[in-house]
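Below is start_2.pdb, holding PDB, C-alpha atoms.
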```
MODEL        1
ATOM      1  CA  THR A   1      -9.945 -10.850  -2.673  1.00  0.00           C
ATOM      2  CA  PRO A   2     -10.942 -14.484  -1.953  1.00  0.00           C
ATOM      3  CA  ALA A   3     -11.530 -15.374   1.692  1.00  0.00           C
ATOM      4  CA  SER A   4      -8.875 -18.109   1.562  1.00  0.00           C
ATOM      5  CA  VAL A   5      -6.283 -15.525   0.481  1.00  0.00           C
ATOM      6  CA  ILE A   6      -7.410 -13.014   3.121  1.00  0.00           C
ATOM      7  CA  ARG A   7      -6.945 -15.625   5.851  1.00  0.00           C
ATOM      8  CA  GLN A   8      -3.357 -16.192   4.745  1.00  0.00           C
ATOM      9  CA  LEU A   9      -2.747 -12.455   4.401  1.00  0.00           C
ATOM     10  CA  ILE A  10      -3.790 -11.609   7.964  1.00  0.00           C
ATOM     11  CA  ALA A  11      -2.385 -14.745   9.626  1.00  0.00           C
ATOM     12  CA  PRO A  12       0.964 -13.094  10.531  1.00  0.00           C
ATOM     13  CA  VAL A  13      -0.811 -10.337  12.504  1.00  0.00           C
ATOM     14  CA  ILE A  14      -3.860 -12.233  13.746  1.00  0.00           C
ATOM     15  CA  ASP A  15      -2.995 -11.555  17.412  1.00  0.00           C
ATOM     16  CA  ARG A  16      -2.742  -7.797  16.821  1.00  0.00           C
ATOM     17  CA  LEU A  17      -5.997  -7.161  14.983  1.00  0.00           C
ATOM     18  CA  GLY A  18      -8.108  -6.248  17.985  1.00  0.00           C
ATOM     19  CA  THR A  19      -5.696  -3.668  19.389  1.00  0.00           C
ATOM     20  CA  SER A  20      -4.733  -1.835  16.192  1.00  0.00           C
ATOM     21  CA  MET A  21      -5.883   0.998  13.988  1.00  0.00           C
ATOM     22  CA  ILE A  22      -6.043  -0.674  10.572  1.00  0.00           C
ATOM     23  CA  LEU A  23      -5.814   0.827   7.098  1.00  0.00           C
ATOM     24  CA  GLU A  24      -6.673  -0.868   3.818  1.00  0.00           C
ATOM     25  CA  PRO A  25      -5.452   1.097   0.789  1.00  0.00           C
ATOM     26  CA  SER A  26      -7.022   0.214  -2.579  1.00  0.00           C
ATOM     27  CA  ALA A  27      -9.918  -1.212  -0.610  1.00  0.00           C
ATOM     28  CA  GLY A  28     -12.178  -1.982  -3.582  1.00  0.00           C
ATOM     29  CA  LYS A  29     -15.592  -2.976  -2.311  1.00  0.00           C
ATOM     30  CA  GLY A  30     -14.171  -3.879   1.088  1.00  0.00           C
ATOM     31  CA  ASP A  31     -13.586  -7.637   1.010  1.00  0.00           C
ATOM     32  CA  ILE A  32     -10.658  -7.495   3.436  1.00  0.00           C
ATOM     33  CA  LEU A  33     -12.395  -5.068   5.792  1.00  0.00           C
ATOM     34  CA  ASP A  34     -15.587  -7.146   5.683  1.00  0.00           C
ATOM     35  CA  HIS A  35     -13.576 -10.217   6.686  1.00  0.00           C
ATOM     36  CA  LEU A  36     -11.979  -8.399   9.627  1.00  0.00           C
ATOM     37  CA  VAL A  37     -15.328  -7.121  10.883  1.00  0.00           C
ATOM     38  CA  GLU A  38     -17.408 -10.255  10.293  1.00  0.00           C
ATOM     39  CA  TYR A  39     -14.967 -12.986  11.300  1.00  0.00           C
ATOM     40  CA  HIS A  40     -12.732 -11.249  13.844  1.00  0.00           C
ATOM     41  CA  GLY A  41     -15.122  -8.788  15.444  1.00  0.00           C
ATOM     42  CA  ILE A  42     -13.044  -5.730  14.606  1.00  0.00           C
ATOM     43  CA  ALA A  43     -14.962  -2.522  15.288  1.00  0.00           C
ATOM     44  CA  LYS A  44     -15.620  -0.430  12.203  1.00  0.00           C
ATOM     45  CA  GLY A  45     -14.323   2.567  14.101  1.00  0.00           C
ATOM     46  CA  ASN A  46     -10.863   0.968  14.070  1.00  0.00           C
ATOM     47  CA  VAL A  47     -10.628   0.375  10.316  1.00  0.00           C
ATOM     48  CA  TYR A  48     -10.079   2.916   7.542  1.00  0.00           C
ATOM     49  CA  ALA A  49     -10.170   2.656   3.759  1.00  0.00           C
ATOM     50  CA  ILE A  50      -8.622   4.450   0.808  1.00  0.00           C
ATOM     51  CA  GLU A  51     -10.080   3.846  -2.660  1.00  0.00           C
ATOM     52  CA  ALA A  52      -9.688   5.705  -5.965  1.00  0.00           C
ATOM     53  CA  ASN A  53     -12.896   4.539  -7.661  1.00  0.00           C
ATOM     54  CA  PRO A  54     -15.712   6.958  -6.696  1.00  0.00           C
ATOM     55  CA  GLU A  55     -18.436   4.304  -7.020  1.00  0.00           C
ATOM     56  CA  LEU A  56     -16.536   1.957  -4.720  1.00  0.00           C
ATOM     57  CA  GLN A  57     -15.984   4.842  -2.301  1.00  0.00           C
ATOM     58  CA  PHE A  58     -19.745   5.081  -1.886  1.00  0.00           C
ATOM     59  CA  VAL A  59     -20.006   1.305  -1.498  1.00  0.00           C
ATOM     60  CA  LEU A  60     -17.458   1.444   1.314  1.00  0.00           C
ATOM     61  CA  ALA A  61     -19.121   4.438   2.960  1.00  0.00           C
ATOM     62  CA  GLY A  62     -22.483   2.695   2.704  1.00  0.00           C
ATOM     63  CA  LYS A  63     -21.043  -0.202   4.693  1.00  0.00           C
ATOM     64  CA  GLY A  64     -19.993   2.203   7.433  1.00  0.00           C
ATOM     65  CA  TYR A  65     -16.262   2.372   6.707  1.00  0.00           C
ATOM     66  CA  ARG A  66     -14.288   5.614   6.938  1.00  0.00           C
ATOM     67  CA  VAL A  67     -12.975   6.555   3.492  1.00  0.00           C
ATOM     68  CA  LEU A  68     -10.067   8.944   3.914  1.00  0.00           C
ATOM     69  CA  GLU A  69      -8.615   9.611   0.479  1.00  0.00           C
ATOM     70  CA  SER A  70      -8.797   8.679  -3.183  1.00  0.00           C
ATOM     71  CA  ASP A  71      -5.052   8.330  -3.886  1.00  0.00           C
ATOM     72  CA  PHE A  72      -2.973   6.359  -1.402  1.00  0.00           C
ATOM     73  CA  LEU A  73       0.291   7.376  -3.067  1.00  0.00           C
ATOM     74  CA  ALA A  74      -0.525  11.019  -2.220  1.00  0.00           C
ATOM     75  CA  PHE A  75      -1.779  10.253   1.309  1.00  0.00           C
ATOM     76  CA  ASN A  76      -0.220  12.620   3.833  1.00  0.00           C
ATOM     77  CA  GLU A  77      -2.594  12.966   6.781  1.00  0.00           C
ATOM     78  CA  PRO A  78      -1.531  12.633  10.442  1.00  0.00           C
ATOM     79  CA  TYR A  79      -3.075   9.265  11.233  1.00  0.00           C
ATOM     80  CA  SER A  80      -1.200   6.597  13.157  1.00  0.00           C
ATOM     81  CA  PHE A  81      -1.922   3.158  11.685  1.00  0.00           C
ATOM     82  CA  ASN A  82      -0.548   0.104  13.466  1.00  0.00           C
ATOM     83  CA  LEU A  83      -1.493  -2.259  10.649  1.00  0.00           C
ATOM     84  CA  ILE A  84      -1.764  -1.759   6.906  1.00  0.00           C
ATOM     85  CA  ILE A  85      -3.354  -4.729   5.149  1.00  0.00           C
ATOM     86  CA  MET A  86      -3.476  -4.396   1.395  1.00  0.00           C
ATOM     87  CA  ASN A  87      -4.089  -5.922  -2.004  1.00  0.00           C
ATOM     88  CA  PRO A  88      -2.885  -3.097  -4.292  1.00  0.00           C
ATOM     89  CA  PRO A  89      -3.003  -3.086  -8.104  1.00  0.00           C
ATOM     90  CA  PHE A  90      -0.283  -5.492  -9.226  1.00  0.00           C
ATOM     91  CA  SER A  91       0.981  -2.971 -11.790  1.00  0.00           C
ATOM     92  CA  LYS A  92       1.832  -0.509  -9.003  1.00  0.00           C
ATOM     93  CA  GLY A  93       2.396  -2.900  -6.144  1.00  0.00           C
ATOM     94  CA  VAL A  94       5.950  -1.789  -5.380  1.00  0.00           C
ATOM     95  CA  ASP A  95       4.890   1.881  -5.161  1.00  0.00           C
ATOM     96  CA  HIS A  96       2.025   1.065  -2.804  1.00  0.00           C
ATOM     97  CA  LEU A  97       4.158  -1.170  -0.595  1.00  0.00           C
ATOM     98  CA  LEU A  98       6.931   1.417  -0.259  1.00  0.00           C
ATOM     99  CA  LYS A  99       4.289   4.039   0.558  1.00  0.00           C
ATOM    100  CA  ALA A 100       2.770   1.741   3.191  1.00  0.00           C
ATOM    101  CA  TRP A 101       6.180   1.304   4.811  1.00  0.00           C
ATOM    102  CA  ASP A 102       6.511   5.081   5.009  1.00  0.00           C
ATOM    103  CA  VAL A 103       2.982   5.495   6.449  1.00  0.00           C
ATOM    104  CA  VAL A 104       2.776   2.689   9.031  1.00  0.00           C
ATOM    105  CA  ALA A 105       3.515   3.721  12.611  1.00  0.00           C
ATOM    106  CA  PRO A 106       6.765   2.677  14.332  1.00  0.00           C
ATOM    107  CA  GLY A 107       6.221  -0.769  15.794  1.00  0.00           C
ATOM    108  CA  GLY A 108       3.492  -1.472  13.225  1.00  0.00           C
ATOM    109  CA  ALA A 109       3.299  -3.970  10.385  1.00  0.00           C
ATOM    110  CA  VAL A 110       2.375  -4.116   6.717  1.00  0.00           C
ATOM    111  CA  CYS A 111       0.838  -7.211   5.101  1.00  0.00           C
ATOM    112  CA  CYS A 112       0.654  -6.969   1.322  1.00  0.00           C
ATOM    113  CA  LEU A 113      -0.289  -9.142  -1.634  1.00  0.00           C
ATOM    114  CA  LEU A 114       2.218  -8.582  -4.418  1.00  0.00           C
ATOM    115  CA  ASN A 115       2.977  -9.861  -7.895  1.00  0.00           C
ATOM    116  CA  ALA A 116       5.748 -12.389  -7.191  1.00  0.00           C
ATOM    117  CA  GLU A 117       7.676 -11.130 -10.226  1.00  0.00           C
ATOM    118  CA  THR A 118       8.262  -7.863  -8.364  1.00  0.00           C
ATOM    119  CA  LEU A 119      10.367  -9.793  -5.861  1.00  0.00           C
ATOM    120  CA  ARG A 120      11.953 -12.241  -8.289  1.00  0.00           C
ATOM    121  CA  ASN A 121      13.183  -9.569 -10.691  1.00  0.00           C
ATOM    122  CA  PRO A 122      14.512  -6.512  -8.787  1.00  0.00           C
ATOM    123  CA  HIS A 123      15.646  -4.627 -11.893  1.00  0.00           C
ATOM    124  CA  THR A 124      14.594  -1.111 -10.789  1.00  0.00           C
ATOM    125  CA  GLU A 125      15.727   1.044  -7.898  1.00  0.00           C
ATOM    126  CA  LYS A 126      12.324   0.757  -6.231  1.00  0.00           C
ATOM    127  CA  ARG A 127      12.390  -3.026  -6.426  1.00  0.00           C
ATOM    128  CA  LYS A 128      15.929  -3.109  -5.071  1.00  0.00           C
ATOM    129  CA  LEU A 129      14.853  -0.970  -2.132  1.00  0.00           C
ATOM    130  CA  LEU A 130      11.873  -3.240  -1.521  1.00  0.00           C
ATOM    131  CA  ALA A 131      14.129  -6.308  -1.620  1.00  0.00           C
ATOM    132  CA  ARG A 132      16.346  -4.699   1.035  1.00  0.00           C
ATOM    133  CA  LEU A 133      13.337  -3.883   3.229  1.00  0.00           C
ATOM    134  CA  VAL A 134      12.082  -7.457   2.989  1.00  0.00           C
ATOM    135  CA  ALA A 135      15.518  -8.830   3.848  1.00  0.00           C
ATOM    136  CA  GLU A 136      16.018  -6.495   6.813  1.00  0.00           C
ATOM    137  CA  HIS A 137      12.506  -6.077   8.203  1.00  0.00           C
ATOM    138  CA  GLY A 138      10.299  -8.962   7.139  1.00  0.00           C
ATOM    139  CA  TYR A 139       9.782 -11.842   4.766  1.00  0.00           C
ATOM    140  CA  SER A 140       7.789 -12.993   1.756  1.00  0.00           C
ATOM    141  CA  ARG A 141       5.856 -16.184   1.102  1.00  0.00           C
ATOM    142  CA  ALA A 142       4.769 -17.473  -2.296  1.00  0.00           C
ATOM    143  CA  LEU A 143       1.074 -18.300  -2.815  1.00  0.00           C
ATOM    144  CA  GLY A 144       1.209 -19.292  -6.478  1.00  0.00           C
ATOM    145  CA  GLN A 145      -1.763 -18.425  -8.701  1.00  0.00           C
ATOM    146  CA  ALA A 146      -3.978 -17.473  -5.777  1.00  0.00           C
ATOM    147  CA  PHE A 147      -6.441 -15.510  -7.936  1.00  0.00           C
ATOM    148  CA  ALA A 148      -6.935 -18.090 -10.672  1.00  0.00           C
ATOM    149  CA  GLY A 149     -10.402 -18.957  -9.329  1.00  0.00           C
ATOM    150  CA  ALA A 150     -11.417 -15.499  -8.156  1.00  0.00           C
ATOM    151  CA  PRO A 151     -14.327 -13.601  -9.768  1.00  0.00           C
ATOM    152  CA  ARG A 152     -11.762 -11.209 -11.271  1.00  0.00           C
ATOM    153  CA  HIS A 153      -9.279 -13.950 -11.992  1.00  0.00           C
ATOM    154  CA  THR A 154      -5.651 -13.650 -13.020  1.00  0.00           C
ATOM    155  CA  ASP A 155      -2.948 -16.246 -13.542  1.00  0.00           C
ATOM    156  CA  VAL A 156      -0.279 -14.042 -11.964  1.00  0.00           C
ATOM    157  CA  ASP A 157       1.884 -15.697  -9.313  1.00  0.00           C
ATOM    158  CA  VAL A 158       1.294 -13.923  -6.014  1.00  0.00           C
ATOM    159  CA  SER A 159       3.355 -13.531  -2.847  1.00  0.00           C
ATOM    160  CA  ILE A 160       2.552 -12.229   0.605  1.00  0.00           C
ATOM    161  CA  VAL A 161       5.027  -9.666   1.911  1.00  0.00           C
ATOM    162  CA  VAL A 162       5.143  -8.910   5.633  1.00  0.00           C
ATOM    163  CA  LEU A 163       7.160  -5.930   6.886  1.00  0.00           C
ATOM    164  CA  ASN A 164       7.588  -5.100  10.581  1.00  0.00           C
ATOM    165  CA  ARG A 165       8.557  -1.510  11.314  1.00  0.00           C
ATOM    166  CA  PRO A 166      10.979  -1.097  14.236  1.00  0.00           C
ATOM    167  CA  GLU A 167       9.847   0.968  17.204  1.00  0.00           C
ATOM    168  CA  THR A 168      12.825   3.311  17.022  1.00  0.00           C
ATOM    169  CA  GLU A 169      13.428   3.691  13.285  1.00  0.00           C
ATOM    170  CA  ARG A 170      12.745   7.154  11.957  1.00  0.00           C
ATOM    171  CA  LEU A 171       9.904   7.712   9.543  1.00  0.00           C
ATOM    172  CA  GLY A 172      10.685   8.852   6.004  1.00  0.00           C
ATOM    173  CA  VAL A 173      12.837   5.881   5.028  1.00  0.00           C
ATOM    174  CA  LEU A 174      12.392   6.871   1.389  1.00  0.00           C
ATOM    175  CA  ASP A 175      13.776  10.381   1.878  1.00  0.00           C
ATOM    176  CA  ASP A 176      17.258   9.492   0.642  1.00  0.00           C
ATOM    177  CA  ALA A 177      16.191   7.013  -2.017  1.00  0.00           C
ATOM    178  CA  THR A 178      16.574   7.864  -5.692  1.00  0.00           C
ATOM    179  CA  PHE A 179      14.631   6.219  -8.467  1.00  0.00           C
ATOM    180  CA  ASP A 180      16.298   7.727 -11.529  1.00  0.00           C
ATOM    181  CA  THR A 181      16.092   4.483 -13.490  1.00  0.00           C
ATOM    182  CA  ASP A 182      12.370   3.986 -12.936  1.00  0.00           C
ATOM    183  CA  ALA A 183       9.908   5.080 -15.588  1.00  0.00           C
ATOM    184  CA  PRO A 184       7.288   7.516 -14.230  1.00  0.00           C
ATOM    185  CA  GLU A 185       3.778   6.153 -13.792  1.00  0.00           C
ATOM    186  CA  ARG A 186       0.755   8.380 -14.266  1.00  0.00           C
ATOM    187  CA  GLU A 187      -2.306   8.103 -12.090  1.00  0.00           C
ATOM    188  CA  ALA A 188      -5.748   8.394 -13.659  1.00  0.00           C
ATOM    189  CA  ALA A 189      -7.314  11.809 -13.139  1.00  0.00           C
ATOM    190  CA  PHE A 190      -9.716  11.942 -10.192  1.00  0.00           C
ATOM    191  CA  ASP A 191     -11.498  15.046  -9.001  1.00  0.00           C
ATOM    192  CA  ALA A 192     -13.999  13.835  -6.405  1.00  0.00           C
ATOM    193  CA  ALA A 193     -13.654  15.185  -2.873  1.00  0.00           C
ATOM    194  CA  PRO A 194     -12.710  12.591  -0.209  1.00  0.00           C
ATOM    195  CA  LEU A 195     -15.744  11.294   1.656  1.00  0.00           C
ATOM    196  CA  ALA A 196     -14.315  11.627   5.129  1.00  0.00           C
ATOM    197  CA  ARG A 197     -11.340  13.972   5.261  1.00  0.00           C
ATOM    198  CA  ARG A 198     -10.575  14.557   8.931  1.00  0.00           C
ATOM    199  CA  ASN A 199      -9.306  17.760  10.413  1.00  0.00           C
ATOM    200  CA  MET A 200      -6.313  17.741  12.715  1.00  0.00           C
ATOM    201  CA  ILE A 201      -8.302  17.872  15.952  1.00  0.00           C
ATOM    202  CA  GLN A 202     -10.513  14.925  14.998  1.00  0.00           C
ATOM    203  CA  SER A 203      -7.460  12.960  13.909  1.00  0.00           C
ATOM    204  CA  LEU A 204      -5.822  13.505  17.296  1.00  0.00           C
ATOM    205  CA  VAL A 205      -9.046  12.484  19.047  1.00  0.00           C
ATOM    206  CA  ASP A 206      -9.184   9.272  16.977  1.00  0.00           C
ATOM    207  CA  GLN A 207      -5.575   8.453  17.797  1.00  0.00           C
ATOM    208  CA  TYR A 208      -6.128   9.131  21.502  1.00  0.00           C
ATOM    209  CA  ASN A 209      -9.213   6.881  21.582  1.00  0.00           C
ATOM    210  CA  ALA A 210      -7.345   4.126  19.747  1.00  0.00           C
ATOM    211  CA  ALA A 211      -4.462   4.370  22.235  1.00  0.00           C
ATOM    212  CA  VAL A 212      -6.883   4.107  25.164  1.00  0.00           C
TER     213      VAL A 212
ENDMDL
END
```

Can I see the file as structure tokens?
Amino acid sequence: TPASVIRQLIAPVIDRLGTSMILEPSAGKGDILDHLVEYHGIAKGNVYAIEANPELQFVLAGKGYRVLESDFLAFNEPYSFNLIIMNPPFSKGVDHLLKAWDVVAPGGAVCCLLNAETLRNPHTEKRKLLARLVAEHGYSRALGQAFAGAPRHTDVDVSIVVLNRPETERLGVLDDATFDTDAPEREAAFDAAPLARRNMIQSLVDQYNAAV
């Protein structure tokens, strides 16, 4: 993720970075996390990563980041993340963004890079739900072809989506949603053990320390 895009992605939550537990799903080699640590002084103990590629998992772990899982869409551990900052695969962006909304703590925020077509063409139930979430709990901003000059370039039009979760809204907003019209998407098989799966006691300790 280019630095210029990261700056725009985190701008809406810039004042909250230093007081939050931060998760980056689909972290890749850690460009976003590196930016937070190097340019904003965020402690590595306050940032977590999820990444499916086993080689990139070891890259992230080698940098000192906590790698929790391989599949964000299956993530179900009792962490409390105040911020989720993400650049998910464009082909599954809506799934990752809906999952992030379900994972982020009440009062927290999600900042996501998304294929703009996902917002422009809400022809599936998931996209319709996302459009409603954006209308009721956040906003989107078009960036254009923000990755045209990136090392892994694409000409896809990109938008930033920012969602702010209310303090009092119940978790599990997707519980009553139905996606009968959406075609199922298969994840690639992955059998490596997570690098840093936490037990319940350690998770509670982490959350207590973050709250302090």

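Atom pair atom CA of Val104 of chain A / atom CA of Leu83 of chain A: separated by 6.7 Å.
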
Problem set entry | A:Cys112, A:Leu129, A:Ala105, A:Ile84 ranked by distance to Thr1 of chain A, top pick (using all atoms listed in the file) |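 Among the listed residues, the smallest separation from Thr1 of chain A belongs to A:Cys112.
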
Report as CSV: every residue of segment 75-135 of chain A with an atom at most 12 Å from segment 56-68 of chain A, its closest pair of atoms, and their distance in Å to one decimal, counting all atoms listed in the file, with rows sorted by chain and ascending residue number.
```
residue,atom,partner,partner_atom,distance
A:Phe75,CA,A:Leu68,CA,8.8
A:Asn76,CA,A:Leu68,CA,10.5
A:Glu77,CA,A:Leu68,CA,9.0
A:Pro78,CA,A:Leu68,CA,11.4
A:Tyr79,CA,A:Leu68,CA,10.1
```

Just need the box for segment 54-59 of chain A, edges along x, y and z, holding every atom the file lists for it with 3 Å tacked onto each side, so centre and edge lengths in Å to one decimal, as lines of an AutoDock Vina configuration file.
```
center_x = -17.9
center_y = 4.1
center_z = -4.3
size_x = 10.3
size_y = 11.7
size_z = 11.5
```

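Distance check against Ser80 of chain A using all atoms listed in the file: of A:Lys126, A:Val5, A:Leu97, A:Ile22, the minimum falls on A:Ile22.
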
Would you output segment 54-158 of chain A from that structure, restricted to C-alpha atoms, as a PDB file, in the first residue's frame?
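Written output follows (result39.pdb):
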```
ATOM      1  CA  PRO A  54       2.448 -18.194   5.434  1.00  0.00           C
ATOM      2  CA  GLU A  55       5.588 -16.521   4.055  1.00  0.00           C
ATOM      3  CA  LEU A  56       4.183 -13.077   4.810  1.00  0.00           C
ATOM      4  CA  GLN A  57       3.185 -14.291   8.276  1.00  0.00           C
ATOM      5  CA  PHE A  58       6.854 -14.914   9.003  1.00  0.00           C
ATOM      6  CA  VAL A  59       7.785 -11.526   7.544  1.00  0.00           C
ATOM      7  CA  LEU A  60       5.315  -9.861   9.899  1.00  0.00           C
ATOM      8  CA  ALA A  61       6.460 -11.908  12.888  1.00  0.00           C
ATOM      9  CA  GLY A  62      10.071 -11.089  12.050  1.00  0.00           C
ATOM     10  CA  LYS A  63       9.208  -7.399  12.299  1.00  0.00           C
ATOM     11  CA  GLY A  64       7.811  -7.962  15.782  1.00  0.00           C
ATOM     12  CA  TYR A  65       4.094  -7.845  14.981  1.00  0.00           C
ATOM     13  CA  ARG A  66       1.585 -10.192  16.611  1.00  0.00           C
ATOM     14  CA  VAL A  67       0.050 -12.456  13.964  1.00  0.00           C
ATOM     15  CA  LEU A  68      -3.223 -13.823  15.288  1.00  0.00           C
ATOM     16  CA  GLU A  69      -4.845 -15.823  12.511  1.00  0.00           C
ATOM     17  CA  SER A  70      -4.583 -16.829   8.873  1.00  0.00           C
ATOM     18  CA  ASP A  71      -8.222 -16.254   7.842  1.00  0.00           C
ATOM     19  CA  PHE A  72      -9.866 -13.014   8.927  1.00  0.00           C
ATOM     20  CA  LEU A  73     -13.295 -14.157   7.743  1.00  0.00           C
ATOM     21  CA  ALA A  74     -13.115 -17.009  10.290  1.00  0.00           C
ATOM     22  CA  PHE A  75     -11.668 -14.846  13.090  1.00  0.00           C
ATOM     23  CA  ASN A  76     -13.562 -15.398  16.331  1.00  0.00           C
ATOM     24  CA  GLU A  77     -11.223 -14.655  19.233  1.00  0.00           C
ATOM     25  CA  PRO A  78     -12.128 -12.419  22.203  1.00  0.00           C
ATOM     26  CA  TYR A  79      -9.998  -9.396  21.376  1.00  0.00           C
ATOM     27  CA  SER A  80     -11.331  -5.863  21.650  1.00  0.00           C
ATOM     28  CA  PHE A  81     -10.047  -3.742  18.757  1.00  0.00           C
ATOM     29  CA  ASN A  82     -10.820  -0.030  18.753  1.00  0.00           C
ATOM     30  CA  LEU A  83      -9.536   0.477  15.217  1.00  0.00           C
ATOM     31  CA  ILE A  84      -9.441  -1.812  12.203  1.00  0.00           C
ATOM     32  CA  ILE A  85      -7.392  -0.376   9.344  1.00  0.00           C
ATOM     33  CA  MET A  86      -7.414  -2.504   6.231  1.00  0.00           C
ATOM     34  CA  ASN A  87      -6.617  -2.942   2.567  1.00  0.00           C
ATOM     35  CA  PRO A  88      -8.350  -6.281   1.846  1.00  0.00           C
ATOM     36  CA  PRO A  89      -8.321  -8.158  -1.474  1.00  0.00           C
ATOM     37  CA  PHE A  90     -10.598  -6.188  -3.793  1.00  0.00           C
ATOM     38  CA  SER A  91     -12.344  -9.389  -4.905  1.00  0.00           C
ATOM     39  CA  LYS A  92     -13.553 -10.011  -1.341  1.00  0.00           C
ATOM     40  CA  GLY A  93     -13.623  -6.479  -0.030  1.00  0.00           C
ATOM     41  CA  VAL A  94     -17.300  -6.476   0.936  1.00  0.00           C
ATOM     42  CA  ASP A  95     -16.898  -9.697   2.964  1.00  0.00           C
ATOM     43  CA  HIS A  96     -13.883  -8.324   4.822  1.00  0.00           C
ATOM     44  CA  LEU A  97     -15.539  -4.982   5.536  1.00  0.00           C
ATOM     45  CA  LEU A  98     -18.717  -6.583   6.890  1.00  0.00           C
ATOM     46  CA  LYS A  99     -16.560  -8.875   9.041  1.00  0.00           C
ATOM     47  CA  ALA A 100     -14.602  -5.874  10.339  1.00  0.00           C
ATOM     48  CA  TRP A 101     -17.845  -4.151  11.318  1.00  0.00           C
ATOM     49  CA  ASP A 102     -18.832  -7.244  13.286  1.00  0.00           C
ATOM     50  CA  VAL A 103     -15.400  -7.482  14.978  1.00  0.00           C
ATOM     51  CA  VAL A 104     -14.646  -3.854  15.899  1.00  0.00           C
ATOM     52  CA  ALA A 105     -15.476  -2.882  19.476  1.00  0.00           C
ATOM     53  CA  PRO A 106     -18.452  -0.614  20.262  1.00  0.00           C
ATOM     54  CA  GLY A 107     -17.277   2.964  19.919  1.00  0.00           C
ATOM     55  CA  GLY A 108     -14.525   1.872  17.515  1.00  0.00           C
ATOM     56  CA  ALA A 109     -13.957   2.608  13.845  1.00  0.00           C
ATOM     57  CA  VAL A 110     -13.104   0.802  10.629  1.00  0.00           C
ATOM     58  CA  CYS A 111     -11.081   2.423   7.830  1.00  0.00           C
ATOM     59  CA  CYS A 112     -11.026   0.351   4.656  1.00  0.00           C
ATOM     60  CA  LEU A 113      -9.781   0.628   1.088  1.00  0.00           C
ATOM     61  CA  LEU A 114     -12.408  -0.791  -1.242  1.00  0.00           C
ATOM     62  CA  ASN A 115     -13.007  -1.254  -4.948  1.00  0.00           C
ATOM     63  CA  ALA A 116     -15.273   1.715  -5.733  1.00  0.00           C
ATOM     64  CA  GLU A 117     -17.459  -0.521  -7.908  1.00  0.00           C
ATOM     65  CA  THR A 118     -18.570  -2.327  -4.748  1.00  0.00           C
ATOM     66  CA  LEU A 119     -20.246   0.892  -3.629  1.00  0.00           C
ATOM     67  CA  ARG A 120     -21.429   2.078  -7.034  1.00  0.00           C
ATOM     68  CA  ASN A 121     -23.164  -1.180  -7.930  1.00  0.00           C
ATOM     69  CA  PRO A 122     -24.968  -2.663  -4.883  1.00  0.00           C
ATOM     70  CA  HIS A 123     -26.485  -5.602  -6.767  1.00  0.00           C
ATOM     71  CA  THR A 124     -26.045  -8.259  -4.041  1.00  0.00           C
ATOM     72  CA  GLU A 125     -27.476  -8.520  -0.552  1.00  0.00           C
ATOM     73  CA  LYS A 126     -24.039  -8.026   0.993  1.00  0.00           C
ATOM     74  CA  ARG A 127     -23.442  -4.860  -1.001  1.00  0.00           C
ATOM     75  CA  LYS A 128     -26.880  -3.549  -0.092  1.00  0.00           C
ATOM     76  CA  LEU A 129     -26.133  -4.138   3.577  1.00  0.00           C
ATOM     77  CA  LEU A 130     -22.787  -2.383   3.218  1.00  0.00           C
ATOM     78  CA  ALA A 131     -24.469   0.576   1.505  1.00  0.00           C
ATOM     79  CA  ARG A 132     -26.875   0.847   4.453  1.00  0.00           C
ATOM     80  CA  LEU A 133     -24.010   0.715   6.964  1.00  0.00           C
ATOM     81  CA  VAL A 134     -22.150   3.462   5.118  1.00  0.00           C
ATOM     82  CA  ALA A 135     -25.270   5.623   4.979  1.00  0.00           C
ATOM     83  CA  GLU A 136     -26.108   5.138   8.662  1.00  0.00           C
ATOM     84  CA  HIS A 137     -22.694   4.876  10.312  1.00  0.00           C
ATOM     85  CA  GLY A 138     -20.038   6.474   8.140  1.00  0.00           C
ATOM     86  CA  TYR A 139     -19.074   7.710   4.714  1.00  0.00           C
ATOM     87  CA  SER A 140     -16.976   6.910   1.662  1.00  0.00           C
ATOM     88  CA  ARG A 141     -14.526   9.015  -0.316  1.00  0.00           C
ATOM     89  CA  ALA A 142     -13.305   8.295  -3.834  1.00  0.00           C
ATOM     90  CA  LEU A 143      -9.534   8.144  -4.440  1.00  0.00           C
ATOM     91  CA  GLY A 144      -9.573   7.241  -8.128  1.00  0.00           C
ATOM     92  CA  GLN A 145      -6.851   4.929  -9.458  1.00  0.00           C
ATOM     93  CA  ALA A 146      -4.774   5.165  -6.296  1.00  0.00           C
ATOM     94  CA  PHE A 147      -2.744   2.026  -7.075  1.00  0.00           C
ATOM     95  CA  ALA A 148      -1.864   2.833 -10.675  1.00  0.00           C
ATOM     96  CA  GLY A 149       1.730   3.658  -9.688  1.00  0.00           C
ATOM     97  CA  ALA A 150       2.146   1.090  -6.931  1.00  0.00           C
ATOM     98  CA  PRO A 151       4.640  -1.801  -7.234  1.00  0.00           C
ATOM     99  CA  ARG A 152       1.660  -4.162  -7.567  1.00  0.00           C
ATOM    100  CA  HIS A 153      -0.315  -1.749  -9.682  1.00  0.00           C
ATOM    101  CA  THR A 154      -3.962  -1.907 -10.677  1.00  0.00           C
ATOM    102  CA  ASP A 155      -6.176   0.514 -12.562  1.00  0.00           C
ATOM    103  CA  VAL A 156      -9.156  -0.174 -10.300  1.00  0.00           C
ATOM    104  CA  ASP A 157     -10.934   2.890  -8.922  1.00  0.00           C
ATOM    105  CA  VAL A 158     -10.593   2.870  -5.145  1.00  0.00           C
TER     106      VAL A 158
END
```
